[in-house]
file upload_32.tsv (TSV, C-alpha atoms)
chain	number	residue	atom	x	y	z
L	1165	MET	CA	106.88	112.55	89.70
L	1166	ASN	CA	107.69	110.07	92.48
L	1167	ARG	CA	108.75	111.11	95.95
L	1168	GLN	CA	112.39	110.02	95.61
L	1169	TYR	CA	112.83	112.02	92.42
L	1170	ARG	CA	111.28	115.11	94.01
L	1171	LEU	CA	113.61	114.72	96.97
L	1172	LEU	CA	116.61	114.41	94.63
L	1173	LEU	CA	115.62	117.58	92.80
L	1174	LEU	CA	115.16	119.40	96.10
L	1175	CYS	CA	118.59	118.38	97.38
L	1176	THR	CA	120.22	119.26	94.06
L	1177	GLY	CA	118.52	122.64	94.15
L	1178	ILE	CA	119.75	123.32	97.66
L	1179	VAL	CA	123.35	122.53	96.72
L	1180	PHE	CA	123.08	124.59	93.50
L	1181	SER	CA	121.59	127.52	95.40
L	1182	TYR	CA	124.28	127.32	98.05
L	1183	LEU	CA	127.13	127.29	95.57
L	1184	HIS	CA	125.74	130.27	93.67
L	1185	ALA	CA	124.85	132.16	96.82
L	1186	GLN	CA	128.33	131.68	98.28
L	1187	THR	CA	129.86	135.12	98.49
L	1188	PHE	CA	133.42	136.29	98.12
L	1189	PRO	CA	134.70	139.34	100.02
L	1190	ALA	CA	134.15	142.72	98.39
L	1191	ALA	CA	136.91	144.78	96.85
L	1192	VAL	CA	138.88	147.08	99.14
L	1193	ASP	CA	140.42	150.50	98.50
L	1194	VAL	CA	144.09	150.88	97.72
L	1195	THR	CA	145.62	154.29	98.39
L	1196	PRO	CA	147.16	155.74	95.21
L	1197	HIS	CA	150.95	155.69	95.26
L	1198	PRO	CA	153.45	156.03	92.37
L	1199	LEU	CA	155.08	152.70	93.28
L	1200	VAL	CA	151.86	150.72	93.82
L	1201	GLU	CA	149.79	149.02	91.12
L	1202	THR	CA	146.60	147.03	91.60
L	1203	VAL	CA	146.05	144.05	89.30
L	1204	THR	CA	142.83	142.07	88.84
L	1205	LEU	CA	142.44	138.93	86.77
L	1206	GLN	CA	139.59	136.53	86.26
L	1207	SER	CA	140.71	133.11	87.42
L	1208	GLU	CA	139.84	130.39	84.93
L	1209	ALA	CA	140.55	127.69	87.51
L	1210	LEU	CA	138.32	129.17	90.22
L	1211	SER	CA	135.61	130.28	87.80
L	1212	SER	CA	135.39	126.73	86.46
L	1213	PHE	CA	135.22	125.30	89.98
L	1214	TRP	CA	132.47	127.69	91.12
L	1215	ASP	CA	130.69	127.85	87.75
L	1216	ARG	CA	130.65	131.64	87.96
L	1217	PRO	CA	133.22	134.40	87.35
L	1218	VAL	CA	135.74	134.63	90.18
L	1219	GLU	CA	138.24	137.48	90.18
L	1220	LEU	CA	141.54	137.65	92.02
L	1221	THR	CA	143.07	141.00	92.96
L	1222	PHE	CA	146.53	141.72	94.30
L	1223	THR	CA	148.76	144.75	94.68
L	1224	VAL	CA	152.30	145.19	93.42
L	1225	LEU	CA	154.86	147.36	95.22
L	1226	LEU	CA	157.65	148.35	92.86
L	1227	PRO	CA	161.24	149.33	93.69
L	1228	ARG	CA	161.96	153.06	93.59
L	1229	ASP	CA	164.12	152.73	90.44
L	1230	TYR	CA	161.78	150.44	88.47
L	1231	ALA	CA	160.58	153.10	85.99
L	1232	ASP	CA	164.07	154.50	85.52
L	1233	SER	CA	165.80	151.18	84.81
L	1234	PRO	CA	164.06	149.66	81.77
L	1235	ASP	CA	166.72	146.99	81.27
L	1236	LYS	CA	166.89	145.84	84.87
L	1237	ARG	CA	165.18	142.70	86.16
L	1238	TYR	CA	164.12	142.17	89.74
L	1239	PRO	CA	163.45	139.38	92.23
L	1240	VAL	CA	159.82	139.02	93.30
L	1241	ARG	CA	158.54	138.54	96.82
L	1242	TYR	CA	155.07	137.01	97.19
L	1243	ASN	CA	153.78	138.18	100.55
L	1244	VAL	CA	151.02	136.17	102.23
L	1245	ALA	CA	149.00	137.96	104.89
L	1246	GLY	CA	148.20	136.93	108.40
L	1247	TYR	CA	144.67	135.64	108.83
L	1248	GLY	CA	142.08	137.86	107.14
L	1249	GLY	CA	144.66	140.10	105.44
L	1250	ARG	CA	143.66	141.73	102.19
L	1251	TYR	CA	145.71	143.08	99.30
L	1252	ASN	CA	145.30	146.65	100.55
L	1253	ARG	CA	147.66	146.00	103.46
L	1254	VAL	CA	150.21	147.83	101.32
L	1255	ASN	CA	148.38	150.99	102.51
L	1256	ARG	CA	149.43	150.34	106.09
L	1257	LEU	CA	153.00	149.51	105.11
L	1258	LEU	CA	153.53	152.68	103.09
L	1259	GLY	CA	151.60	154.63	105.71
L	1260	ASN	CA	154.49	153.88	108.06
L	1261	SER	CA	156.81	156.82	107.42
L	1262	GLU	CA	159.90	154.94	108.59
L	1263	PHE	CA	159.32	152.13	106.10
L	1264	ALA	CA	158.25	154.50	103.30
L	1265	ASP	CA	161.36	156.66	103.72
L	1266	TRP	CA	163.58	153.59	103.66
L	1267	TRP	CA	161.82	152.04	100.66
L	1268	THR	CA	162.32	155.15	98.54
L	1269	SER	CA	165.97	155.52	99.58
L	1270	GLU	CA	169.05	154.04	97.95
L	1271	ALA	CA	169.46	151.71	100.94
L	1272	ALA	CA	166.40	149.64	100.00
L	1273	PRO	CA	166.93	146.54	97.82
L	1274	GLY	CA	165.40	146.30	94.36
L	1275	VAL	CA	162.62	143.79	95.02
L	1276	ILE	CA	159.10	143.64	93.60
L	1277	THR	CA	156.52	142.68	96.25
L	1278	VAL	CA	153.19	141.08	95.35
L	1279	PHE	CA	150.64	141.34	98.17
L	1280	LEU	CA	148.31	138.37	97.72
L	1281	ASP	CA	144.70	138.59	98.84
L	1282	GLY	CA	143.83	136.26	101.70
L	1283	SER	CA	140.09	136.25	101.06
L	1284	GLY	CA	138.19	133.12	100.13
L	1285	PRO	CA	134.66	131.69	100.28
L	1286	PHE	CA	135.09	130.19	103.77
L	1287	GLY	CA	137.55	132.63	105.26
L	1288	ASP	CA	141.20	132.69	104.27
L	1289	SER	CA	141.92	130.73	101.09
L	1290	TYR	CA	145.41	129.68	102.21
L	1291	GLN	CA	146.53	129.96	98.55
L	1292	LEU	CA	146.29	126.17	98.12
L	1293	ASN	CA	143.98	123.77	96.33
L	1294	SER	CA	140.99	122.89	98.49
L	1295	ALA	CA	138.17	120.41	97.96
L	1296	SER	CA	135.69	123.05	99.15
L	1297	SER	CA	137.19	126.46	98.38
L	1298	GLY	CA	138.60	125.53	95.01
L	1299	PRO	CA	141.99	125.42	93.27
L	1300	TYR	CA	143.66	128.47	94.79
L	1301	GLY	CA	147.06	126.81	94.45
L	1302	ASP	CA	146.54	126.41	90.71
L	1303	ALA	CA	145.31	129.99	90.51
L	1304	LEU	CA	148.51	131.24	92.14
L	1305	THR	CA	151.04	129.09	90.31
L	1306	GLU	CA	149.37	128.93	86.89
L	1307	GLU	CA	147.67	132.33	86.67
L	1308	ILE	CA	149.00	134.95	89.09
L	1309	ILE	CA	152.69	134.09	88.85
L	1310	PRO	CA	152.72	133.88	85.02
L	1311	ARG	CA	150.84	137.19	84.92
L	1312	ILE	CA	153.46	138.85	87.13
L	1313	ASP	CA	156.34	137.43	85.07
L	1314	GLU	CA	154.66	138.63	81.88
L	1315	GLN	CA	153.69	142.10	83.09
L	1316	TYR	CA	156.81	142.95	85.09
L	1317	ARG	CA	160.56	142.57	84.60
L	1318	THR	CA	161.25	139.66	86.92
L	1319	LEU	CA	164.10	137.23	87.37
L	1320	GLY	CA	161.76	134.27	87.05
L	1321	THR	CA	162.03	131.19	89.24
L	1322	ALA	CA	165.54	131.90	90.53
L	1323	GLY	CA	164.40	135.19	91.97
L	1324	ARG	CA	160.94	134.20	93.25
L	1325	PHE	CA	160.42	134.14	97.02
L	1326	VAL	CA	157.48	133.78	99.37
L	1327	ASP	CA	157.03	135.00	102.93
L	1328	GLY	CA	154.53	135.72	105.66
L	1329	CYS	CA	153.69	135.44	109.33
L	1330	SER	CA	151.09	133.33	111.16
L	1331	THR	CA	148.68	132.20	108.43
L	1332	GLY	CA	151.19	133.70	106.01
L	1333	GLY	CA	153.97	131.81	107.74
L	1334	TRP	CA	152.22	128.48	107.22
L	1335	VAL	CA	151.20	129.27	103.65
L	1336	SER	CA	154.68	130.46	102.66
L	1337	LEU	CA	156.26	127.29	104.07
L	1338	ALA	CA	153.56	125.09	102.53
L	1339	LEU	CA	153.99	126.69	99.11
L	1340	GLN	CA	157.73	126.06	99.23
L	1341	LEU	CA	157.16	122.42	100.21
L	1342	PHE	CA	154.26	121.64	97.86
L	1343	TYR	CA	155.72	123.63	94.92
L	1344	PRO	CA	159.46	123.26	95.54
L	1345	ASP	CA	160.45	124.08	91.96
L	1346	THR	CA	158.30	127.22	91.81
L	1347	PHE	CA	159.98	129.22	94.58
L	1348	ALA	CA	163.63	129.98	95.32
L	1349	GLY	CA	163.09	130.41	99.04
L	1350	THR	CA	160.66	130.97	101.88
L	1351	TYR	CA	160.77	133.22	104.93
L	1352	SER	CA	158.20	131.75	107.29
L	1353	TYR	CA	157.45	133.41	110.63
L	1354	SER	CA	155.28	131.88	113.39
L	1355	PRO	CA	153.53	129.46	111.03
L	1356	ASP	CA	150.21	127.80	111.91
L	1357	PRO	CA	150.60	124.18	113.10
L	1358	VAL	CA	152.98	122.34	110.79
L	1359	SER	CA	152.00	119.02	112.38
L	1360	PHE	CA	148.43	118.09	113.20
L	1361	GLN	CA	149.64	115.88	116.03
L	1362	ARG	CA	150.19	119.26	117.67
L	1363	MET	CA	147.30	121.28	116.28
L	1364	GLN	CA	147.93	123.87	118.95
L	1365	LEU	CA	147.33	121.53	121.94
L	1366	ILE	CA	145.22	118.98	120.04
L	1367	ASP	CA	146.39	115.69	118.54
L	1368	MET	CA	144.07	115.39	115.55
L	1369	TYR	CA	144.94	111.73	115.07
L	1370	ALA	CA	144.59	110.51	118.65
L	1371	ASP	CA	142.34	112.87	120.60
L	1372	SER	CA	138.57	112.50	120.53
L	1373	ASN	CA	137.74	116.04	121.64
L	1374	ALA	CA	139.18	119.43	120.77
L	1375	PHE	CA	137.75	121.34	123.72
L	1376	VAL	CA	138.73	119.05	126.59
L	1377	ASN	CA	142.09	117.37	127.17
L	1378	LYS	CA	142.79	113.93	128.62
L	1379	ALA	CA	142.81	115.39	132.13
L	1380	GLY	CA	139.28	116.68	131.62
L	1381	LEU	CA	140.39	120.32	131.49
L	1382	LEU	CA	139.23	122.86	128.93
L	1383	ARG	CA	141.97	123.50	126.39
L	1384	PRO	CA	143.25	127.04	125.93
L	1385	SER	CA	143.87	128.40	122.45
L	1386	ARG	CA	145.89	131.44	123.42
L	1387	ARG	CA	148.23	132.56	126.19
L	1388	ASP	CA	150.52	135.45	127.05
L	1389	ILE	CA	154.29	134.98	126.85
L	1390	TYR	CA	154.37	134.02	130.53
L	1391	GLY	CA	152.02	131.10	129.89
L	1392	GLU	CA	148.80	132.58	131.28
L	1393	PRO	CA	145.86	131.33	129.14
L	1394	ASN	CA	143.44	134.00	127.94
L	1395	LEU	CA	141.18	132.26	125.41
L	1396	LEU	CA	139.58	128.81	125.27
L	1397	ILE	CA	139.16	126.79	122.08
L	1398	ARG	CA	135.54	126.16	123.08
L	1399	ASP	CA	134.87	129.91	123.15
L	1400	GLU	CA	136.55	130.45	119.78
L	1401	PHE	CA	134.20	127.90	118.26
L	1402	ALA	CA	131.20	129.54	119.92
L	1403	GLU	CA	132.10	132.86	118.30
L	1404	GLU	CA	132.55	131.28	114.88
L	1405	ASN	CA	129.32	129.28	115.22
L	1406	ALA	CA	127.46	132.53	115.85
L	1407	GLU	CA	128.86	134.01	112.63
L	1408	GLY	CA	128.08	131.03	110.39
L	1409	THR	CA	125.32	131.23	107.82
L	1410	ASP	CA	124.26	127.77	108.96
L	1411	SER	CA	124.98	128.56	112.63
L	1412	THR	CA	128.21	126.57	112.59
L	1413	TYR	CA	131.89	127.49	112.42
L	1414	VAL	CA	132.04	125.73	109.03
L	1415	THR	CA	130.64	128.86	107.36
L	1416	GLY	CA	131.67	131.32	110.07
L	1417	GLN	CA	134.63	132.76	108.08
L	1418	GLY	CA	136.85	132.41	111.15
L	1419	GLN	CA	140.17	130.69	111.78
L	1420	TRP	CA	138.84	127.21	112.61
L	1421	GLY	CA	136.39	127.40	109.73
L	1422	ALA	CA	139.16	128.29	107.30
L	1423	TRP	CA	141.37	125.47	108.51
L	1424	ASN	CA	138.42	123.11	108.19
L	1425	ALA	CA	137.66	124.33	104.65
L	1426	LEU	CA	141.22	123.72	103.49
L	1427	TYR	CA	142.00	120.44	105.21
L	1428	SER	CA	138.62	118.64	105.16
L	1429	PRO	CA	136.85	116.86	102.29
L	1430	ARG	CA	133.80	118.39	100.67
L	1431	GLY	CA	130.39	117.17	101.74
L	1432	GLU	CA	127.44	116.34	99.51
L	1433	ASP	CA	125.87	119.68	100.45
L	1434	GLY	CA	128.82	121.57	98.95
L	1435	LEU	CA	130.14	122.57	102.36
L	1436	PRO	CA	133.38	121.37	103.92
L	1437	ARG	CA	132.77	118.35	106.11
L	1438	ALA	CA	133.15	119.27	109.77
L	1439	ALA	CA	136.24	117.88	111.47
L	1440	PHE	CA	134.82	119.06	114.79
L	1441	ASP	CA	131.43	119.19	116.39
L	1442	GLY	CA	131.24	122.93	116.93
L	1443	VAL	CA	129.18	122.56	120.13
L	1444	THR	CA	130.74	119.57	121.89
L	1445	GLY	CA	134.24	119.64	120.41
L	1446	GLY	CA	134.09	116.02	119.25
L	1447	ILE	CA	136.60	115.14	116.49
L	1448	ASP	CA	135.52	113.11	113.46
L	1449	PRO	CA	138.42	110.68	112.85
L	1450	GLU	CA	137.39	110.03	109.25
L	1451	VAL	CA	137.61	113.73	108.41
L	1452	ALA	CA	140.82	114.11	110.43
L	1453	GLU	CA	142.38	111.40	108.26
L	1454	HIS	CA	141.86	113.66	105.25
L	1455	TRP	CA	143.85	116.39	107.01
L	1456	LYS	CA	147.03	114.33	106.59
L	1457	LYS	CA	147.32	115.60	103.02
L	1458	TYR	CA	148.11	119.05	104.43
L	1459	ASP	CA	150.23	117.98	107.41
L	1460	LEU	CA	153.58	119.56	106.54
L	1461	LEU	CA	155.65	117.31	108.78
L	1462	LEU	CA	154.04	114.19	107.30
L	1463	HIS	CA	154.56	115.59	103.80
L	1464	VAL	CA	158.24	116.17	104.46
L	1465	ARG	CA	158.75	112.75	106.03
L	1466	GLU	CA	157.02	110.92	103.21
L	1467	ASN	CA	158.74	112.81	100.40
L	1468	TRP	CA	162.14	113.78	101.76
L	1469	PRO	CA	164.38	111.72	99.40
L	1470	THR	CA	163.04	113.67	96.41
L	1471	LEU	CA	161.92	116.83	98.22
L	1472	GLY	CA	165.10	117.41	100.21
L	1473	PRO	CA	167.37	118.29	97.26
L	1474	LYS	CA	164.71	120.63	95.84
L	1475	VAL	CA	164.42	122.71	99.01
L	1476	ALA	CA	168.12	122.85	99.84
L	1477	GLY	CA	169.05	126.40	100.79
L	1478	LYS	CA	165.44	127.55	100.56
L	1479	ILE	CA	163.92	127.30	104.05
L	1480	TYR	CA	164.09	129.89	106.81
L	1481	VAL	CA	161.65	129.74	109.73
L	1482	TRP	CA	161.39	131.98	112.79
L	1483	MET	CA	159.37	131.03	115.84
L	1484	GLY	CA	158.90	132.55	119.27
L	1485	ASP	CA	159.40	129.91	121.94
L	1486	MET	CA	156.40	131.31	123.81
L	1487	ASP	CA	154.16	131.59	120.78
L	1488	ASN	CA	150.79	132.87	121.94
L	1489	TYR	CA	148.95	130.08	120.08
L	1490	TYR	CA	151.25	127.20	121.10
L	1491	LEU	CA	152.59	126.95	117.55
L	1492	ASN	CA	156.16	126.38	118.75
L	1493	ASN	CA	155.23	122.82	119.79
L	1494	ALA	CA	154.64	121.58	116.25
L	1495	MET	CA	157.65	123.50	114.96
L	1496	ARG	CA	159.88	121.77	117.52
L	1497	ASP	CA	158.86	118.41	116.03
L	1498	PHE	CA	159.47	119.77	112.53
L	1499	GLU	CA	162.92	121.02	113.55
L	1500	THR	CA	163.81	117.71	115.21
L	1501	TYR	CA	163.02	115.78	112.06
L	1502	LEU	CA	165.05	118.10	109.82
L	1503	LYS	CA	168.01	117.99	112.20
L	1504	GLU	CA	168.05	114.20	112.20
L	1505	VAL	CA	167.16	113.41	108.60
L	1506	THR	CA	169.81	112.11	106.22
L	1507	ALA	CA	169.96	111.22	102.53
L	1508	PRO	CA	170.03	114.13	102.14
L	1509	SER	CA	170.68	116.09	105.29
L	1510	SER	CA	168.77	119.35	105.67
L	1511	ASP	CA	170.22	122.86	105.75
L	1512	ALA	CA	166.92	124.48	106.75
L	1513	VAL	CA	167.36	127.36	109.18
L	1514	ILE	CA	164.82	127.22	112.01
L	1515	GLU	CA	165.37	129.94	114.58
L	1516	PHE	CA	163.68	129.91	117.98
L	1517	SER	CA	163.70	133.05	120.11
L	1518	PRO	CA	163.17	132.61	123.87
L	1519	MET	CA	160.31	134.50	125.54
L	1520	LYS	CA	159.06	135.79	122.19
L	1521	GLY	CA	155.41	135.59	121.17
L	1522	HIS	CA	153.47	135.29	117.96
L	1523	CYS	CA	155.07	137.16	115.02
L	1524	THR	CA	157.12	139.32	117.39
L	1525	ASP	CA	160.18	139.49	115.14
L	1526	TYR	CA	158.42	139.62	111.77
L	1527	SER	CA	159.63	142.57	109.71
L	1528	HIS	CA	158.87	143.47	106.09
L	1529	ARG	CA	162.15	145.33	105.91
L	1530	GLU	CA	164.15	142.40	107.24
L	1531	VAL	CA	162.58	139.99	104.76
L	1532	LEU	CA	163.19	142.39	101.86
L	1533	GLU	CA	166.81	142.83	102.87
L	1534	LYS	CA	167.32	139.06	103.08
L	1535	ILE	CA	165.82	138.60	99.62
L	1536	GLY	CA	167.92	141.42	98.24
L	1537	GLU	CA	171.08	139.72	99.53
L	1538	ARG	CA	170.06	136.31	98.25
L	1539	ALA	CA	168.47	136.88	94.85
L	1540	SER	CA	170.50	136.26	91.74
L	1541	PRO	CA	169.67	136.28	88.01
L	1542	GLU	CA	168.85	133.06	86.21

call {"tool": "encode", "arguments": {"input": "upload_32.tsv", "output": "C-alpha cells"}}
result
Amino acid sequence: MNRQYRLLLLCTGIVFSYLHAQTFPAAVDVTPHPLVETVTLQSEALSSFWDRPVELTFTVLLPRDYADSPDKRYPVRYNVAGYGGRYNRVNRLLGNSEFADWWTSEAAPGVITVFLDGSGPFGDSYQLNSASSGPYGDALTEEIIPRIDEQYRTLGTAGRFVDGCSTGGWVSLALQLFYPDTFAGTYSYSPDPVSFQRMQLIDMYADSNAFVNKAGLLRPSRRDIYGEPNLLIRDEFAEENAEGTDSTYVTGQGQWGAWNALYSPRGEDGLPRAAFDGVTGGIDPEVAEHWKKYDLLLHVRENWPTLGPKVAGKIYVWMGDMDNYYLNNAMRDFETYLKEVTAPSSDAVIEFSPMKGHCTDYSHREVLEKIGERASPE
C-alpha cells in the first residue's frame, strides 16, 4: 500500500468517524397536559444525509375545544424558538398561569401551535437546508408539515402561519420568503440580521475583520437600550472556541457557530468552512460569498417580481429601534427596499418601536390573537 493511498484512507476515516460521532441534543421532558401532545418522527431526509437514523421531535398545543369539535378544522401556527430553544418550551408557556387561564377560556382563538425543536448538529438548525447540518428545510416542509396535516384537523396552506423572535424571528421570515407558497403569513419579531452587509455591525462583503472596525476599535456585539456596549464580538468567539470539540467556534454549538453552519459551505473534513478566524477575527471572502444565498435582503431584491405577489399580505415584522444586538440596522435597509419597490409594491408591515430592545414586545398571546383574526378556511 503506497503512502498516498494510506493517507487517503486515513483522511476518509477521519471524516467518516466525525460524521458518525456527531451528536444531536438529547430528548427533553415535556410536562403532561391534556392539550399537549409530543410527536416524534424519523426524518428520511436527515437520516439519508447523515447516514444514520435522525429523529425530529416537536410538541403540539391544541385549542381547548379540539376534542369536543370533531368536525372543526383549525389554523396552525409553527413557532420557532429563540436561539437554543427546545420543543419543551411549551412547559414554560403553560406554566404561566395568566397564559394558561386565557388559553383554556372562551376568549382564546382556536389555533393549533406546533413548537419546533431548535436543536441541530452545530447548534440551532434554523429549520433550513444547510450544506453542513443537512436538509432541515426539506424535513420541515416535506415531513413535519404533512404529518401535522395528516394527524390533526388543519386548514392546510391557507391557515398555516409561522412566527418567532430573535433566531425564531429570522427563521420565520426566511421560511415565508424561501417557501412563499407553503405559509399564509409570518409574524417575525427582532429577527437576526436580514442583510449581511449589516451582520450586526459587520459588513460581510466589504470588511476584512469581524472583531475590529475600520477605526481600529473592537466591535461590540451587544448593548443596553441606551447604547452602552456590554459584550464584544471577540469575547463571544472566545467563549464559543472554548466549547468547540476542535477548539473552534465552528463546533462550539453557539450563535456564531450556528450561523456559520447554516450560511457557509461544507469543508472536505465534513465541518462547515469557517467564515471567520476565531482567534483573529479575519473574514474569509470566499466563504462570505456563499453566505449570499441566505441574505434575505438580497433574496428579496433578486426575486421580487415573482416573490412579491406570493408574499402579499403575509409579512409582519416587529423590531425595537434600540435592539440589543444591533439588528435594527439591517431591518432598516430591508424596510427601505420594501417601501420603495414597485412592480409590485409591497404591503409588508414593518413596525419599529423607539427605545425598545431585543424581543421586548414579543407575545405568544398577541401572535395567536392575530392568527385567529386572520385565518380563514381554504

call {"tool": "closest_residue", "arguments": {"input": "upload_32.tsv", "among": "L:Trp1482, L:Phe1263, L:Trp1420, L:Phe1347", "to": "L:Ala1402", "atoms": "only C-alpha atoms"}}
result
L:Trp1420

call {"tool": "residues_around", "arguments": {"input": "upload_32.tsv", "residues": "L:Leu1199", "least_positions_apart": "4", "cutoff": "9 Å", "atoms": "only C-alpha atoms", "output": "list in words"}}
result
Val1224, Leu1225, Leu1226, Pro1227, Arg1228 and Tyr1230 of chain L

call {"tool": "atom_distance", "arguments": {"input": "upload_32.tsv", "atom1": "atom CA of L:Leu1382", "atom2": "atom CA of L:Leu1491"}}
result
18.0 Å

call {"tool": "atom_distance", "arguments": {"input": "upload_32.tsv", "atom1": "atom CA of L:Ser1296", "atom2": "atom CA of L:Tyr1458"}}
result
14.1 Å

call {"tool": "residues_around", "arguments": {"input": "upload_32.tsv", "residues": "L:Gly1248", "least_positions_apart": "6", "cutoff": "12 Å", "atoms": "all atoms listed in the file", "output": "list in words"}}
result
Pro1189, Leu1280, Asp1281, Gly1282, Ser1283, Gly1284, Pro1285, Phe1286, Gly1287, Asp1288, Ser1289, Tyr1290, Ser1330, Thr1331, Gly1332, Gln1417, Gly1418, Gln1419 and Ala1422 of chain L

call {"tool": "residues_around", "arguments": {"input": "upload_32.tsv", "residues": "L:Gly1274", "least_positions_apart": "3", "cutoff": "10 Å", "atoms": "only C-alpha atoms", "output": "number ranges by chain"}}
result
L: 1226-1230, 1236-1240, 1267, 1270-1271, 1277, 1532-1533, 1535-1536, 1539

call {"tool": "atom_distance", "arguments": {"input": "upload_32.tsv", "atom1": "atom CA of L:Leu1435", "atom2": "atom CA of L:Glu1219"}}
result
20.9 Å

call {"tool": "closest_residue", "arguments": {"input": "upload_32.tsv", "among": "L:Thr1500, L:Ser1354, L:Ser1527, L:Ser1385", "to": "L:Ile1366", "atoms": "all atoms listed in the file"}}
result
L:Ser1385

call {"tool": "residues_around", "arguments": {"input": "upload_32.tsv", "residues": "L:Val1451", "least_positions_apart": "2", "cutoff": "6 Å", "atoms": "only C-alpha atoms", "output": "PDB file with C-alpha atoms, in the coordinates of the input"}}
result
ATOM      1  CA  SER L1428     138.620 118.640 105.160  1.00  0.00           C
ATOM      2  CA  ALA L1439     136.240 117.880 111.470  1.00  0.00           C
ATOM      3  CA  ASP L1448     135.520 113.110 113.460  1.00  0.00           C
ATOM      4  CA  PRO L1449     138.420 110.680 112.850  1.00  0.00           C
ATOM      5  CA  GLU L1453     142.380 111.400 108.260  1.00  0.00           C
ATOM      6  CA  HIS L1454     141.860 113.660 105.250  1.00  0.00           C
TER       7      HIS L1454
END

call {"tool": "residues_near_point", "arguments": {"input": "upload_32.tsv", "point": "(144.1, 112.4, 109.8)", "cutoff": "12 Å", "atoms": "only C-alpha atoms", "output": "ChimeraX atom specification"}}
result
/L:1359-1361,1363,1367-1371,1427-1429,1439,1447-1459,1462

call {"tool": "closest_residue", "arguments": {"input": "upload_32.tsv", "among": "L:Lys1478, L:Ser1352, L:Tyr1390, L:Val1505", "to": "L:Glu1466", "atoms": "all atoms listed in the file"}}
result
L:Val1505

call {"tool": "residues_around", "arguments": {"input": "upload_32.tsv", "residues": "L:Glu1407", "least_positions_apart": "6", "cutoff": "8 Å", "atoms": "all atoms listed in the file", "output": "list in words"}}
result
Tyr1413, Thr1415, Gly1416 and Gln1417 of chain L

call {"tool": "closest_residue", "arguments": {"input": "upload_32.tsv", "among": "L:Tyr1353, L:Phe1375, L:Phe1213, L:Phe1222", "to": "L:Ser1517", "atoms": "all atoms listed in the file"}}
result
L:Tyr1353

call {"tool": "closest_residue", "arguments": {"input": "upload_32.tsv", "among": "L:Gln1206, L:Glu1515, L:Gly1434, L:Tyr1480", "to": "L:Phe1325", "atoms": "all atoms listed in the file"}}
result
L:Tyr1480

call {"tool": "closest_residue", "arguments": {"input": "upload_32.tsv", "among": "L:Arg1465, L:Ile1389, L:Leu1257, L:Gly1431", "to": "L:Pro1518", "atoms": "all atoms listed in the file"}}
result
L:Ile1389
